[in-house]
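*Asks:* Here you go, one structure.
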Amino acid sequence: MLDRLQSLADRYEKLSELLCDPDVANDAKRLRELSKEQSDLQEVYEAYTEYKSVIEQYDEAKSMINEKLDDEMRDLVKMELDESSTRKTELEEKIQILLLPKDPNDDKNVIVEIRGAAGGDEAALFAGDLYRMYSRYADLQGWKTEILEANVNDLGGFKEIIFMVKGKGAYSKLKFESGAHRVQRVPTTESGGRIHTSTATVGVLPEAEDVEVDIKDSDIRVDTFCSSGAGGQSVNTTKSAVRVTHVPTGIVATCQDGKSQNSNKEMALQVLRARIYDKIQQEEQAKYADERKSKVGTGDRSERIRTYNFPQSRVTDHRIGLTLHKLDQVLSGEIEEVVAALTVEAQAELMENEEG
């Protein structure tokens, strides 16, 4: 491990030299690539630098403890030894996680797709609850959200809503949210006071760049139509809404919430690109599905991942057996505890695979 860390530290320092090179500074593409590479290495470099310093402190204290010292000095050395030993262990655990294979999509923006599933109007209302939960979580993280497409029902819920979350690390935090979310509560549409179960599906797609998914003009069909609102009534007499179909795969993306036909086409292409990229990734992951059984899920939207129980104010993530009795806080966007637990589980699985 130390050899690998030293190699990464050498590379980080070499990148610092290259970024000061005038030739690199005048090459925007190379400057961007090297800056990103250094940024990706920065956390492990800083951890390793501190680790070396702590090791020195630990060794120094260990050698001093065997010398003839008065009681006060011996106590100080023992304290230094204990503190450096504790910090050494903490850094070793942190570095072990930092050296795990990194998901290349982790730093990307994401496109989130939420659809009401089983439960009719109640499922659409629940889809709206999930949208607000993720929007508030994004606000807490300092990210920006932008609605790309929304299909509102008569009660103000969403039959479907697609939105983008922009911010560093958005995919790393939200990627475990893909799947079927279940709600148990007395619906506002139910007068008998019976608890119903409804579901909504969530899909989290990393934003795909042009270089990752090359969509040829000859491979797409673009159709325009009038925008519609809740209940299907027309809200726009001009054909500003856009439907883009990728003919080779049959994947479709629609957008009508933009200010113009051009903006709707751009947003639809953004969603289309993400869906094609996701399809490619899913096909790649399927090749290893039998070898790798992930506790935190496959990202399949048919997989039930979480239940939101209103009578007991309970949220349960079924993949890792985590239950929290603070439903209101979770639906208000405070999902970091769940996200952190899922991340730790994924990291533990990665470490297990690395050791295996």
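Residues in the structure tokens are named by chain (A, B, ... in the order shown) and by number from 1 within that chain; ligands are numbered from 1 in the order shown.
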For region 255-270 of chain A, work out the shell of residues within 9 Å, counting only C-alpha atoms and skipping chain neighbours fewer than 6 positions away, then give it as number ranges by chain.
*Replies:* A: 111, 147-150, 207-209, 215, 222, 224-228, 239-244
*Asks:* Tell me, as JSON, numbers by chain, which residues lie within 12 Å of region 35-46 of chain A, counting only C-alpha atoms; anything in the same chain fewer than 6 positions away does not count.
*Replies:* {"A": [2, 4, 5, 6, 7, 8, 9, 10, 11, 12, 13, 14, 15, 16, 17, 18, 19, 20, 24, 25, 27, 28, 29, 52, 53, 91, 92, 93, 94, 95, 96, 97, 98, 99, 100, 102, 103, 104, 106, 107, 168, 169]}
*Asks:* Please determine, counting only C-alpha atoms, which residue among A:Thr307, A:Ser178, A:Gln184, A:Thr254 has the shortest atom-to-atom distance to Val112 (chain A).
*Replies:* A:Ser178
*Asks:* Considering only C-alpha atoms, can you say which of A:Gly119, A:Gly142, A:Pro22, A:Gly333 comes closest to Val186 (chain A)?
*Replies:*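 That would be A:Gly119, the residue with the smallest distance to Val186 (chain A).
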*Asks:* If you run DSSP on the backbone here, which positions in region 8-172 of chain A get strand (DSSP E)? Please write them as a list in words.
*Replies:*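 Selecting the strand (DSSP E) positions of region 8-172 of chain A gives Val110, Ile111, Val112, Glu113, Ile114, Arg115, Gly116, Lys144, Thr145, Glu146, Ile147, Leu148, Glu149, Ala150, Asn151, Val152, Phe158, Lys159, Glu160, Ile161, Ile162, Phe163, Met164, Val165 and Lys166 of chain A.
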*Asks:* Write a file of the just-selected residues containing N, CA, C and O atoms, as a tab-separated table (two decimals), in the first residue's frame.
*Replies:*
```
chain	number	residue	atom	x	y	z
A	110	VAL	N	-26.59	14.60	-12.32
A	110	VAL	CA	-27.49	13.48	-12.58
A	110	VAL	C	-28.82	13.95	-13.14
A	110	VAL	O	-29.24	15.10	-12.94
A	111	ILE	N	-29.47	13.04	-13.84
A	111	ILE	CA	-30.85	13.24	-14.27
A	111	ILE	C	-31.68	12.24	-13.47
A	111	ILE	O	-31.40	11.04	-13.48
A	112	VAL	N	-32.67	12.75	-12.73
A	112	VAL	CA	-33.52	11.91	-11.89
A	112	VAL	C	-34.89	11.81	-12.55
A	112	VAL	O	-35.49	12.82	-12.91
A	113	GLU	N	-35.38	10.58	-12.67
A	113	GLU	CA	-36.70	10.34	-13.25
A	113	GLU	C	-37.57	9.69	-12.18
A	113	GLU	O	-37.24	8.62	-11.66
A	114	ILE	N	-38.69	10.32	-11.84
A	114	ILE	CA	-39.61	9.76	-10.85
A	114	ILE	C	-40.97	9.56	-11.53
A	114	ILE	O	-41.49	10.47	-12.18
A	115	ARG	N	-41.53	8.37	-11.35
A	115	ARG	CA	-42.83	8.07	-11.95
A	115	ARG	C	-43.75	7.42	-10.92
A	115	ARG	O	-43.34	6.51	-10.20
A	116	GLY	N	-44.99	7.88	-10.87
A	116	GLY	CA	-45.99	7.21	-10.06
A	116	GLY	C	-46.24	5.84	-10.65
A	116	GLY	O	-46.40	5.70	-11.87
A	144	LYS	N	-27.84	22.57	-7.52
A	144	LYS	CA	-28.93	23.23	-8.24
A	144	LYS	C	-29.82	22.17	-8.90
A	144	LYS	O	-29.32	21.13	-9.35
A	145	THR	N	-31.12	22.42	-8.96
A	145	THR	CA	-32.04	21.51	-9.65
A	145	THR	C	-32.76	22.25	-10.77
A	145	THR	O	-32.99	23.46	-10.69
A	146	GLU	N	-33.10	21.50	-11.80
A	146	GLU	CA	-33.80	22.08	-12.95
A	146	GLU	C	-34.76	21.05	-13.51
A	146	GLU	O	-34.35	19.94	-13.87
A	147	ILE	N	-36.05	21.38	-13.54
A	147	ILE	CA	-37.05	20.46	-14.09
A	147	ILE	C	-36.91	20.41	-15.60
A	147	ILE	O	-36.88	21.44	-16.27
A	148	LEU	N	-36.83	19.19	-16.13
A	148	LEU	CA	-36.72	19.00	-17.58
A	148	LEU	C	-38.07	18.62	-18.19
A	148	LEU	O	-38.36	18.97	-19.33
A	149	GLU	N	-38.86	17.87	-17.44
A	149	GLU	CA	-40.16	17.41	-17.94
A	149	GLU	C	-41.04	17.08	-16.76
A	149	GLU	O	-40.58	16.47	-15.78
A	150	ALA	N	-42.30	17.49	-16.80
A	150	ALA	CA	-43.23	17.19	-15.71
A	150	ALA	C	-44.62	16.92	-16.27
A	150	ALA	O	-45.11	17.68	-17.10
A	151	ASN	N	-45.22	15.83	-15.79
A	151	ASN	CA	-46.59	15.48	-16.17
A	151	ASN	C	-47.42	15.47	-14.89
A	151	ASN	O	-47.36	14.54	-14.10
A	152	VAL	N	-48.16	16.59	-14.67
A	152	VAL	CA	-48.88	16.79	-13.41
A	152	VAL	C	-50.29	16.22	-13.50
A	152	VAL	O	-50.95	16.34	-14.53
A	158	PHE	N	-47.37	14.06	-9.49
A	158	PHE	CA	-46.68	13.88	-10.77
A	158	PHE	C	-46.85	12.44	-11.26
A	158	PHE	O	-46.47	11.49	-10.57
A	159	LYS	N	-47.45	12.32	-12.44
A	159	LYS	CA	-47.43	11.01	-13.09
A	159	LYS	C	-45.98	10.69	-13.46
A	159	LYS	O	-45.54	9.54	-13.40
A	160	GLU	N	-45.26	11.75	-13.83
A	160	GLU	CA	-43.84	11.62	-14.16
A	160	GLU	C	-43.18	12.98	-13.99
A	160	GLU	O	-43.76	14.00	-14.34
A	161	ILE	N	-41.99	12.98	-13.42
A	161	ILE	CA	-41.20	14.21	-13.38
A	161	ILE	C	-39.74	13.85	-13.60
A	161	ILE	O	-39.23	12.88	-13.02
A	162	ILE	N	-39.10	14.60	-14.48
A	162	ILE	CA	-37.68	14.38	-14.79
A	162	ILE	C	-36.96	15.70	-14.50
A	162	ILE	O	-37.39	16.76	-14.98
A	163	PHE	N	-35.91	15.63	-13.72
A	163	PHE	CA	-35.18	16.85	-13.38
A	163	PHE	C	-33.68	16.56	-13.28
A	163	PHE	O	-33.26	15.42	-13.08
A	164	MET	N	-32.91	17.62	-13.46
A	164	MET	CA	-31.46	17.50	-13.37
A	164	MET	C	-30.99	18.06	-12.04
A	164	MET	O	-31.53	19.04	-11.53
A	165	VAL	N	-29.99	17.39	-11.46
A	165	VAL	CA	-29.34	17.87	-10.25
A	165	VAL	C	-27.89	18.17	-10.62
A	165	VAL	O	-27.16	17.28	-11.06
A	166	LYS	N	-27.49	19.43	-10.47
A	166	LYS	CA	-26.15	19.86	-10.85
A	166	LYS	C	-25.31	20.15	-9.61
A	166	LYS	O	-25.70	20.98	-8.78
```
*Asks:* Using only C-alpha atoms, which protein or nucleic acid residues come within 8 Å of Leu331 (chain A)? Drop anything in the same chain fewer than 3 positions from it, and give the result as a list in words.
*Replies:*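 Answer for this query is Asp129, Leu130, Arg132, Met133, Leu327, Asp328, Glu334 and Ile335 of chain A.
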*Asks:* To test your reading of the structure, identify every residue in region 25-221 of chain A that backbone DSSP assigns to helix (DSSP H, G or I), and report it as a PyMOL selection string.
*Replies:* chain A and resi 25+28-64+71-98+121-141+170-177+217-219
*Asks:* Ranking A:His318, A:Lys175, A:Arg273, A:Arg304 by minimum distance to Lys216 (chain A) and counting only C-alpha atoms, which one comes first?
*Replies:*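 Selected residue with least distance to Lys216 (chain A): A:Arg273.
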